[in-house]
Amino acid sequence: MDRLFALSLGFAGLVLATHASHGQAMPSQCGPRADVLAVLGDRFSETRRGMGLAGPGSVVELFASSTTGSWTVTVTLPDGRTCLLVSGQGWEPAPLDLPAKGSPA
């Protein structure tokens, strides 16, 4: 569990560093979970494609749309707020199973 938490913090640091390197402020786009999910679904046609735990009580989720190609990563905090971490375009689903080590990709 400690390794997972460290990886989560590393990912969050990467997101912050990426925004800082482009001279952009990290948006503080948080709100009630139902409201955030409604915007992702209604405006961008995004549905949940994956999720994982990120520390005590926080859940990270990936939403994406095969129709629009948009994608969004969110974190839901223990207090119920859901925050947008990063989003982009060009979503393409990956195969479920990664090739075995030494196999051609």
# chains A, B, ... in the order shown; residues from 1 in each chain; ligands from 1
>>> residues_around(residues="Gly31 (chain A)", least_positions_apart="4", cutoff="7 Å", atoms="only C-alpha atoms", output="compact mmCIF listing (two decimals) with N, CA and C atoms, in the first residue's frame")
# COMPACT_ATOMS: atom_id res chain seq x y z
N ASP A 35 -22.08 16.25 -9.88
CA ASP A 35 -22.01 17.38 -10.82
C ASP A 35 -20.86 17.21 -11.81
N VAL A 36 -19.69 16.79 -11.31
CA VAL A 36 -18.52 16.61 -12.17
C VAL A 36 -18.80 15.50 -13.19
N ARG A 81 -15.63 15.53 -2.60
CA ARG A 81 -15.33 16.39 -3.76
C ARG A 81 -14.60 15.58 -4.81
N THR A 82 -14.92 15.83 -6.07
CA THR A 82 -14.20 15.24 -7.19
C THR A 82 -13.49 16.37 -7.91
N CYS A 83 -12.19 16.19 -8.16
CA CYS A 83 -11.37 17.22 -8.78
C CYS A 83 -10.78 16.71 -10.10
>>> atom_distance(atom1="CA of Val73 (chain A)", atom2="CA of Leu96 (chain A)")
18.8 Å
